[in-house]
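Asker: Have a look at this one before I ask anything.
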Amino acid sequence: MKPVDDQILELMKDEGNLTPRAVEDFGIAVSDYAGDRFAVLRRYGLVERISRGLYRLTDDGRAYLDEELDAAELDPVE
């Protein structure tokens with residue numbers, strides 16, 4: 001996890017479903033980098049892709065933000 005991941009997840013908690021472009025519009029990270037981070041967050045089950053380029057926070061993502069889940073304990077999903 002990188003600091004930007006926490007920022008993206010917090011933004012999703014506050015704003016709902018997001019695209020990489022929306023992350024850029026909120027000033028968190030440029031869209032290409034946000035897309036890369038979404039791929040990592042998805043691999044670990046913290047977000048899910050609901051449509052091409054559109055992501056939502058999962059229950060595990062919420063648990064991570066609520067400090068009920070340690071990201072270091074997550075295994076990548078194939």
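Every chain in the structure tokens has a letter given in the order shown (A, B, ...), and although residue numbers restart at 1 in each chain, ligands are simply numbered from 1 in the order shown.
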Neighbouring residues of Val40 in chain A were defined as those with any atom within 12 Å, considering only C-alpha atoms; residues of the same chain fewer than 3 positions away were excluded. Please report them as a PDB file with N, CA and C atoms, in the first residue's frame.

Answerer:
```pdb
ATOM      1  N   MET A   1       0.843  -1.182   0.000  1.00  0.00           N
ATOM      2  CA  MET A   1       0.000   0.000   0.000  1.00  0.00           C
ATOM      3  C   MET A   1       0.885   1.241   0.000  1.00  0.00           C
ATOM      4  N   LYS A   2       0.459   2.196  -0.791  1.00  0.00           N
ATOM      5  CA  LYS A   2       1.138   3.481  -0.870  1.00  0.00           C
ATOM      6  C   LYS A   2       0.205   4.547  -0.304  1.00  0.00           C
ATOM      7  N   VAL A   4      -0.992   7.133  -1.574  1.00  0.00           N
ATOM      8  CA  VAL A   4      -2.026   7.492  -2.538  1.00  0.00           C
ATOM      9  C   VAL A   4      -3.184   6.490  -2.511  1.00  0.00           C
ATOM     10  N   ASP A   5      -2.892   5.228  -2.174  1.00  0.00           N
ATOM     11  CA  ASP A   5      -3.960   4.224  -2.090  1.00  0.00           C
ATOM     12  C   ASP A   5      -4.966   4.603  -1.011  1.00  0.00           C
ATOM     13  N   ILE A   8      -7.080   7.432  -2.305  1.00  0.00           N
ATOM     14  CA  ILE A   8      -8.084   6.966  -3.270  1.00  0.00           C
ATOM     15  C   ILE A   8      -9.232   6.275  -2.550  1.00  0.00           C
ATOM     16  N   TYR A  33      -1.772   7.063 -13.452  1.00  0.00           N
ATOM     17  CA  TYR A  33      -1.265   6.496 -12.202  1.00  0.00           C
ATOM     18  C   TYR A  33      -2.421   5.977 -11.346  1.00  0.00           C
ATOM     19  N   ALA A  34      -3.525   6.714 -11.310  1.00  0.00           N
ATOM     20  CA  ALA A  34      -4.701   6.256 -10.560  1.00  0.00           C
ATOM     21  C   ALA A  34      -5.187   4.923 -11.127  1.00  0.00           C
ATOM     22  N   GLY A  35      -5.175   4.771 -12.440  1.00  0.00           N
ATOM     23  CA  GLY A  35      -5.571   3.503 -13.056  1.00  0.00           C
ATOM     24  C   GLY A  35      -4.664   2.362 -12.625  1.00  0.00           C
ATOM     25  N   ASP A  36      -3.366   2.641 -12.554  1.00  0.00           N
ATOM     26  CA  ASP A  36      -2.421   1.619 -12.069  1.00  0.00           C
ATOM     27  C   ASP A  36      -2.723   1.245 -10.621  1.00  0.00           C
ATOM     28  N   ARG A  37      -3.024   2.244  -9.802  1.00  0.00           N
ATOM     29  CA  ARG A  37      -3.301   1.974  -8.385  1.00  0.00           C
ATOM     30  C   ARG A  37      -4.624   1.233  -8.235  1.00  0.00           C
ATOM     31  N   ARG A  43      -6.591  -6.065  -7.304  1.00  0.00           N
ATOM     32  CA  ARG A  43      -5.907  -7.352  -7.133  1.00  0.00           C
ATOM     33  C   ARG A  43      -5.983  -7.832  -5.685  1.00  0.00           C
ATOM     34  N   TYR A  44      -6.014  -6.902  -4.752  1.00  0.00           N
ATOM     35  CA  TYR A  44      -6.069  -7.251  -3.330  1.00  0.00           C
ATOM     36  C   TYR A  44      -7.486  -7.186  -2.756  1.00  0.00           C
ATOM     37  N   GLY A  45      -8.468  -6.984  -3.614  1.00  0.00           N
ATOM     38  CA  GLY A  45      -9.863  -7.065  -3.184  1.00  0.00           C
ATOM     39  C   GLY A  45     -10.394  -5.853  -2.439  1.00  0.00           C
ATOM     40  N   LEU A  46      -9.700  -4.729  -2.512  1.00  0.00           N
ATOM     41  CA  LEU A  46     -10.165  -3.535  -1.803  1.00  0.00           C
ATOM     42  C   LEU A  46     -11.135  -2.707  -2.635  1.00  0.00           C
ATOM     43  N   VAL A  47     -11.066  -2.853  -3.956  1.00  0.00           N
ATOM     44  CA  VAL A  47     -12.043  -2.249  -4.864  1.00  0.00           C
ATOM     45  C   VAL A  47     -12.426  -3.310  -5.892  1.00  0.00           C
ATOM     46  N   GLU A  48     -13.542  -3.078  -6.547  1.00  0.00           N
ATOM     47  CA  GLU A  48     -13.939  -3.960  -7.641  1.00  0.00           C
ATOM     48  C   GLU A  48     -14.315  -3.110  -8.838  1.00  0.00           C
ATOM     49  N   ARG A  49     -14.054  -3.663 -10.008  1.00  0.00           N
ATOM     50  CA  ARG A  49     -14.419  -2.969 -11.248  1.00  0.00           C
ATOM     51  C   ARG A  49     -15.859  -3.312 -11.567  1.00  0.00           C
ATOM     52  N   ALA A  71      -3.938  -4.533   5.567  1.00  0.00           N
ATOM     53  CA  ALA A  71      -3.644  -4.811   4.153  1.00  0.00           C
ATOM     54  C   ALA A  71      -2.485  -5.778   3.999  1.00  0.00           C
ATOM     55  N   LEU A  74      -3.508  -9.380   3.322  1.00  0.00           N
ATOM     56  CA  LEU A  74      -4.257  -9.706   2.110  1.00  0.00           C
ATOM     57  C   LEU A  74      -3.378 -10.428   1.107  1.00  0.00           C
ATOM     58  N   ASP A  75      -3.939 -11.408   0.456  1.00  0.00           N
ATOM     59  CA  ASP A  75      -3.269 -12.118  -0.631  1.00  0.00           C
ATOM     60  C   ASP A  75      -3.854 -11.645  -1.947  1.00  0.00           C
ATOM     61  N   PRO A  76      -3.024 -11.526  -2.979  1.00  0.00           N
ATOM     62  CA  PRO A  76      -3.550 -11.116  -4.278  1.00  0.00           C
ATOM     63  C   PRO A  76      -4.524 -12.160  -4.840  1.00  0.00           C
ATOM     64  N   VAL A  77      -5.541 -11.659  -5.491  1.00  0.00           N
ATOM     65  CA  VAL A  77      -6.537 -12.512  -6.141  1.00  0.00           C
ATOM     66  C   VAL A  77      -6.164 -12.604  -7.608  1.00  0.00           C
ATOM     67  N   GLU A  78      -6.221 -13.777  -8.156  1.00  0.00           N
ATOM     68  CA  GLU A  78      -5.869 -13.968  -9.577  1.00  0.00           C
ATOM     69  C   GLU A  78      -6.935 -13.415 -10.471  1.00  0.00           C
TER      70      GLU A  78
END
```

Asker: DSSP says alpha helix (DSSP H) for which residues of chain A? Put them as a ChimeraX atom specification?

Answerer: /A:3-15,20-25,31-43,59-65

Asker: Could you save the residues just selected, with N, CA, C and O atoms, as a compact mmCIF listing (two decimals), in the first residue's frame?

Answerer:
```
# COMPACT_ATOMS: atom_id res chain seq x y z
N PRO A 3 0.74 5.67 0.13
CA PRO A 3 -0.13 6.73 0.67
C PRO A 3 -1.26 7.13 -0.29
O PRO A 3 -2.38 7.39 0.15
N VAL A 4 -0.99 7.13 -1.57
CA VAL A 4 -2.03 7.49 -2.54
C VAL A 4 -3.18 6.49 -2.51
O VAL A 4 -4.34 6.86 -2.76
N ASP A 5 -2.89 5.23 -2.17
CA ASP A 5 -3.96 4.22 -2.09
C ASP A 5 -4.97 4.60 -1.01
O ASP A 5 -6.18 4.51 -1.22
N ASP A 6 -4.46 5.03 0.13
CA ASP A 6 -5.35 5.46 1.21
C ASP A 6 -6.19 6.66 0.77
O ASP A 6 -7.38 6.73 1.07
N GLN A 7 -5.56 7.58 0.04
CA GLN A 7 -6.29 8.75 -0.43
C GLN A 7 -7.39 8.36 -1.41
O GLN A 7 -8.51 8.89 -1.34
N ILE A 8 -7.08 7.43 -2.31
CA ILE A 8 -8.08 6.97 -3.27
C ILE A 8 -9.23 6.28 -2.55
O ILE A 8 -10.41 6.54 -2.82
N LEU A 9 -8.91 5.39 -1.61
CA LEU A 9 -9.96 4.67 -0.88
C LEU A 9 -10.81 5.61 -0.05
O LEU A 9 -12.05 5.47 -0.01
N GLU A 10 -10.20 6.59 0.60
CA GLU A 10 -10.96 7.58 1.38
C GLU A 10 -11.88 8.38 0.46
O GLU A 10 -13.03 8.66 0.81
N LEU A 11 -11.37 8.76 -0.71
CA LEU A 11 -12.19 9.49 -1.67
C LEU A 11 -13.38 8.65 -2.10
O LEU A 11 -14.51 9.16 -2.19
N MET A 12 -13.16 7.37 -2.34
CA MET A 12 -14.25 6.49 -2.74
C MET A 12 -15.28 6.36 -1.62
O MET A 12 -16.48 6.30 -1.89
N LYS A 13 -14.81 6.31 -0.39
CA LYS A 13 -15.73 6.21 0.74
C LYS A 13 -16.62 7.45 0.80
O LYS A 13 -17.81 7.35 1.07
N ASP A 14 -16.03 8.62 0.51
CA ASP A 14 -16.77 9.87 0.58
C ASP A 14 -17.63 10.13 -0.65
O ASP A 14 -18.73 10.65 -0.54
N GLU A 15 -17.11 9.77 -1.84
CA GLU A 15 -17.76 10.16 -3.09
C GLU A 15 -18.49 9.03 -3.81
O GLU A 15 -19.28 9.28 -4.71
N PRO A 20 -10.51 6.54 -12.82
CA PRO A 20 -9.20 7.18 -12.67
C PRO A 20 -9.23 8.67 -13.00
O PRO A 20 -8.57 9.48 -12.35
N ARG A 21 -10.02 9.05 -13.99
CA ARG A 21 -10.13 10.47 -14.35
C ARG A 21 -10.72 11.28 -13.20
O ARG A 21 -10.29 12.41 -12.93
N ALA A 22 -11.70 10.72 -12.50
CA ALA A 22 -12.29 11.42 -11.36
C ALA A 22 -11.26 11.62 -10.25
O ALA A 22 -11.22 12.67 -9.61
N VAL A 23 -10.40 10.61 -10.05
CA VAL A 23 -9.34 10.73 -9.05
C VAL A 23 -8.44 11.90 -9.41
O VAL A 23 -8.04 12.70 -8.55
N GLU A 24 -8.13 12.03 -10.70
CA GLU A 24 -7.33 13.17 -11.15
C GLU A 24 -8.07 14.48 -10.94
O GLU A 24 -7.48 15.47 -10.46
N ASP A 25 -9.35 14.51 -11.26
CA ASP A 25 -10.14 15.73 -11.09
C ASP A 25 -10.19 16.19 -9.63
O ASP A 25 -10.26 17.38 -9.35
N SER A 31 -4.55 10.51 -13.94
CA SER A 31 -5.44 9.37 -14.24
C SER A 31 -4.67 8.08 -14.58
O SER A 31 -5.10 7.00 -14.18
N ASP A 32 -3.57 8.18 -15.31
CA ASP A 32 -2.81 6.96 -15.64
C ASP A 32 -2.30 6.28 -14.37
O ASP A 32 -2.39 5.06 -14.23
N TYR A 33 -1.77 7.06 -13.45
CA TYR A 33 -1.26 6.50 -12.20
C TYR A 33 -2.42 5.98 -11.35
O TYR A 33 -2.32 4.90 -10.74
N ALA A 34 -3.52 6.71 -11.31
CA ALA A 34 -4.70 6.26 -10.56
C ALA A 34 -5.19 4.92 -11.13
O ALA A 34 -5.56 4.02 -10.37
N GLY A 35 -5.18 4.77 -12.44
CA GLY A 35 -5.57 3.50 -13.06
C GLY A 35 -4.66 2.36 -12.63
O GLY A 35 -5.14 1.26 -12.35
N ASP A 36 -3.37 2.64 -12.55
CA ASP A 36 -2.42 1.62 -12.07
C ASP A 36 -2.72 1.24 -10.62
O ASP A 36 -2.68 0.07 -10.25
N ARG A 37 -3.02 2.24 -9.80
CA ARG A 37 -3.30 1.97 -8.38
C ARG A 37 -4.62 1.23 -8.24
O ARG A 37 -4.75 0.35 -7.39
N PHE A 38 -5.63 1.57 -9.06
CA PHE A 38 -6.89 0.82 -9.02
C PHE A 38 -6.64 -0.65 -9.32
O PHE A 38 -7.23 -1.53 -8.70
N ALA A 39 -5.76 -0.94 -10.28
CA ALA A 39 -5.45 -2.33 -10.61
C ALA A 39 -4.86 -3.07 -9.41
O ALA A 39 -5.22 -4.23 -9.15
N VAL A 40 -3.98 -2.41 -8.68
CA VAL A 40 -3.39 -3.03 -7.49
C VAL A 40 -4.45 -3.21 -6.40
O VAL A 40 -4.56 -4.29 -5.81
N LEU A 41 -5.23 -2.18 -6.17
CA LEU A 41 -6.29 -2.27 -5.15
C LEU A 41 -7.30 -3.36 -5.49
O LEU A 41 -7.79 -4.07 -4.61
N ARG A 42 -7.58 -3.50 -6.77
CA ARG A 42 -8.49 -4.56 -7.23
C ARG A 42 -7.88 -5.94 -7.01
O ARG A 42 -8.56 -6.87 -6.57
N ARG A 43 -6.59 -6.06 -7.30
CA ARG A 43 -5.91 -7.35 -7.13
C ARG A 43 -5.98 -7.83 -5.69
O ARG A 43 -6.02 -9.02 -5.42
N ASP A 59 -16.37 -4.40 0.59
CA ASP A 59 -16.48 -4.51 2.04
C ASP A 59 -15.10 -4.58 2.68
O ASP A 59 -14.88 -3.99 3.74
N ASP A 60 -14.16 -5.28 2.03
CA ASP A 60 -12.79 -5.32 2.55
C ASP A 60 -12.15 -3.95 2.51
O ASP A 60 -11.40 -3.58 3.42
N GLY A 61 -12.44 -3.18 1.48
CA GLY A 61 -11.92 -1.82 1.40
C GLY A 61 -12.44 -0.96 2.54
O GLY A 61 -11.69 -0.20 3.15
N ARG A 62 -13.71 -1.11 2.86
CA ARG A 62 -14.29 -0.38 3.98
C ARG A 62 -13.67 -0.83 5.30
O ARG A 62 -13.36 -0.02 6.18
N ALA A 63 -13.50 -2.15 5.45
CA ALA A 63 -12.89 -2.68 6.67
C ALA A 63 -11.46 -2.15 6.83
O ALA A 63 -11.04 -1.82 7.94
N TYR A 64 -10.72 -2.06 5.73
CA TYR A 64 -9.37 -1.51 5.78
C TYR A 64 -9.41 -0.06 6.26
O TYR A 64 -8.64 0.33 7.14
N LEU A 65 -10.30 0.73 5.71
CA LEU A 65 -10.40 2.14 6.11
C LEU A 65 -10.82 2.29 7.56
O LEU A 65 -10.40 3.23 8.24
```

Asker: As a list in words, please: every residue in chain A that DSSP puts in strand (DSSP E).

Answerer: Val47, Glu48, Arg49, Ile50, Ser51, Leu54, Tyr55, Arg56 and Leu57 of chain A

Asker: Mind writing the picked residues with all heavy atoms as a PDB file, in the first residue's frame?

Answerer:
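Saved the output as result.pdb:
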```pdb
ATOM      1  N   VAL A  47     -11.066  -2.853  -3.956  1.00  0.00           N
ATOM      2  CA  VAL A  47     -12.043  -2.249  -4.864  1.00  0.00           C
ATOM      3  C   VAL A  47     -12.426  -3.310  -5.892  1.00  0.00           C
ATOM      4  O   VAL A  47     -11.725  -4.305  -6.066  1.00  0.00           O
ATOM      5  CB  VAL A  47     -11.499  -0.987  -5.590  1.00  0.00           C
ATOM      6  CG1 VAL A  47     -11.088   0.078  -4.600  1.00  0.00           C
ATOM      7  CG2 VAL A  47     -10.381  -1.320  -6.547  1.00  0.00           C
ATOM      8  N   GLU A  48     -13.542  -3.078  -6.547  1.00  0.00           N
ATOM      9  CA  GLU A  48     -13.939  -3.960  -7.641  1.00  0.00           C
ATOM     10  C   GLU A  48     -14.315  -3.110  -8.838  1.00  0.00           C
ATOM     11  O   GLU A  48     -14.793  -1.984  -8.697  1.00  0.00           O
ATOM     12  CB  GLU A  48     -15.076  -4.892  -7.239  1.00  0.00           C
ATOM     13  CG  GLU A  48     -16.366  -4.210  -6.891  1.00  0.00           C
ATOM     14  CD  GLU A  48     -17.424  -5.166  -6.390  1.00  0.00           C
ATOM     15  OE1 GLU A  48     -17.259  -6.394  -6.517  1.00  0.00           O
ATOM     16  OE2 GLU A  48     -18.435  -4.685  -5.860  1.00  0.00           O
ATOM     17  N   ARG A  49     -14.054  -3.663 -10.008  1.00  0.00           N
ATOM     18  CA  ARG A  49     -14.419  -2.969 -11.248  1.00  0.00           C
ATOM     19  C   ARG A  49     -15.859  -3.312 -11.567  1.00  0.00           C
ATOM     20  O   ARG A  49     -16.218  -4.477 -11.684  1.00  0.00           O
ATOM     21  CB  ARG A  49     -13.496  -3.401 -12.377  1.00  0.00           C
ATOM     22  CG  ARG A  49     -13.622  -2.514 -13.587  1.00  0.00           C
ATOM     23  CD  ARG A  49     -12.627  -2.884 -14.622  1.00  0.00           C
ATOM     24  NE  ARG A  49     -13.355  -3.739 -15.568  1.00  0.00           N
ATOM     25  CZ  ARG A  49     -12.805  -4.331 -16.601  1.00  0.00           C
ATOM     26  NH1 ARG A  49     -11.529  -4.250 -16.813  1.00  0.00           N
ATOM     27  NH2 ARG A  49     -13.543  -5.036 -17.420  1.00  0.00           N
ATOM     28  N   ILE A  50     -16.681  -2.285 -11.720  1.00  0.00           N
ATOM     29  CA  ILE A  50     -18.089  -2.527 -12.030  1.00  0.00           C
ATOM     30  C   ILE A  50     -18.406  -2.255 -13.489  1.00  0.00           C
ATOM     31  O   ILE A  50     -19.440  -2.679 -13.987  1.00  0.00           O
ATOM     32  CB  ILE A  50     -19.030  -1.733 -11.100  1.00  0.00           C
ATOM     33  CG1 ILE A  50     -18.740  -0.253 -11.144  1.00  0.00           C
ATOM     34  CG2 ILE A  50     -18.922  -2.248  -9.685  1.00  0.00           C
ATOM     35  CD1 ILE A  50     -19.710   0.593 -10.338  1.00  0.00           C
ATOM     36  N   SER A  51     -17.508  -1.565 -14.161  1.00  0.00           N
ATOM     37  CA  SER A  51     -17.618  -1.298 -15.584  1.00  0.00           C
ATOM     38  C   SER A  51     -16.240  -0.860 -16.040  1.00  0.00           C
ATOM     39  O   SER A  51     -15.386  -0.530 -15.213  1.00  0.00           O
ATOM     40  CB  SER A  51     -18.652  -0.189 -15.829  1.00  0.00           C
ATOM     41  OG  SER A  51     -18.813   0.044 -17.207  1.00  0.00           O
ATOM     42  N   LEU A  54     -14.531   2.006 -14.189  1.00  0.00           N
ATOM     43  CA  LEU A  54     -15.339   2.464 -13.059  1.00  0.00           C
ATOM     44  C   LEU A  54     -15.200   1.469 -11.910  1.00  0.00           C
ATOM     45  O   LEU A  54     -15.424   0.272 -12.094  1.00  0.00           O
ATOM     46  CB  LEU A  54     -16.804   2.599 -13.471  1.00  0.00           C
ATOM     47  CG  LEU A  54     -17.766   3.112 -12.403  1.00  0.00           C
ATOM     48  CD1 LEU A  54     -17.398   4.536 -11.985  1.00  0.00           C
ATOM     49  CD2 LEU A  54     -19.197   3.068 -12.927  1.00  0.00           C
ATOM     50  N   TYR A  55     -14.850   1.982 -10.750  1.00  0.00           N
ATOM     51  CA  TYR A  55     -14.545   1.134  -9.593  1.00  0.00           C
ATOM     52  C   TYR A  55     -15.389   1.533  -8.391  1.00  0.00           C
ATOM     53  O   TYR A  55     -15.778   2.690  -8.244  1.00  0.00           O
ATOM     54  CB  TYR A  55     -13.061   1.268  -9.221  1.00  0.00           C
ATOM     55  CG  TYR A  55     -12.156   0.798 -10.318  1.00  0.00           C
ATOM     56  CD1 TYR A  55     -11.751   1.661 -11.333  1.00  0.00           C
ATOM     57  CD2 TYR A  55     -11.721  -0.519 -10.365  1.00  0.00           C
ATOM     58  CE1 TYR A  55     -10.932   1.230 -12.360  1.00  0.00           C
ATOM     59  CE2 TYR A  55     -10.901  -0.959 -11.396  1.00  0.00           C
ATOM     60  CZ  TYR A  55     -10.512  -0.078 -12.380  1.00  0.00           C
ATOM     61  OH  TYR A  55      -9.701  -0.522 -13.398  1.00  0.00           O
ATOM     62  N   ARG A  56     -15.630   0.536  -7.522  1.00  0.00           N
ATOM     63  CA  ARG A  56     -16.316   0.798  -6.262  1.00  0.00           C
ATOM     64  C   ARG A  56     -15.564   0.133  -5.122  1.00  0.00           C
ATOM     65  O   ARG A  56     -14.871  -0.863  -5.314  1.00  0.00           O
ATOM     66  CB  ARG A  56     -17.771   0.360  -6.300  1.00  0.00           C
ATOM     67  CG  ARG A  56     -17.999  -1.112  -6.145  1.00  0.00           C
ATOM     68  CD  ARG A  56     -19.488  -1.424  -5.982  1.00  0.00           C
ATOM     69  NE  ARG A  56     -19.777  -2.655  -6.700  1.00  0.00           N
ATOM     70  CZ  ARG A  56     -20.872  -2.874  -7.384  1.00  0.00           C
ATOM     71  NH1 ARG A  56     -21.809  -1.972  -7.448  1.00  0.00           N
ATOM     72  NH2 ARG A  56     -21.034  -4.011  -8.018  1.00  0.00           N
ATOM     73  N   LEU A  57     -15.739   0.672  -3.965  1.00  0.00           N
ATOM     74  CA  LEU A  57     -15.128   0.174  -2.749  1.00  0.00           C
ATOM     75  C   LEU A  57     -15.809  -1.127  -2.336  1.00  0.00           C
ATOM     76  O   LEU A  57     -17.039  -1.228  -2.373  1.00  0.00           O
ATOM     77  CB  LEU A  57     -15.306   1.242  -1.661  1.00  0.00           C
ATOM     78  CG  LEU A  57     -14.509   1.168  -0.393  1.00  0.00           C
ATOM     79  CD1 LEU A  57     -13.015   1.214  -0.678  1.00  0.00           C
ATOM     80  CD2 LEU A  57     -14.894   2.328   0.519  1.00  0.00           C
TER      81      LEU A  57
END
```
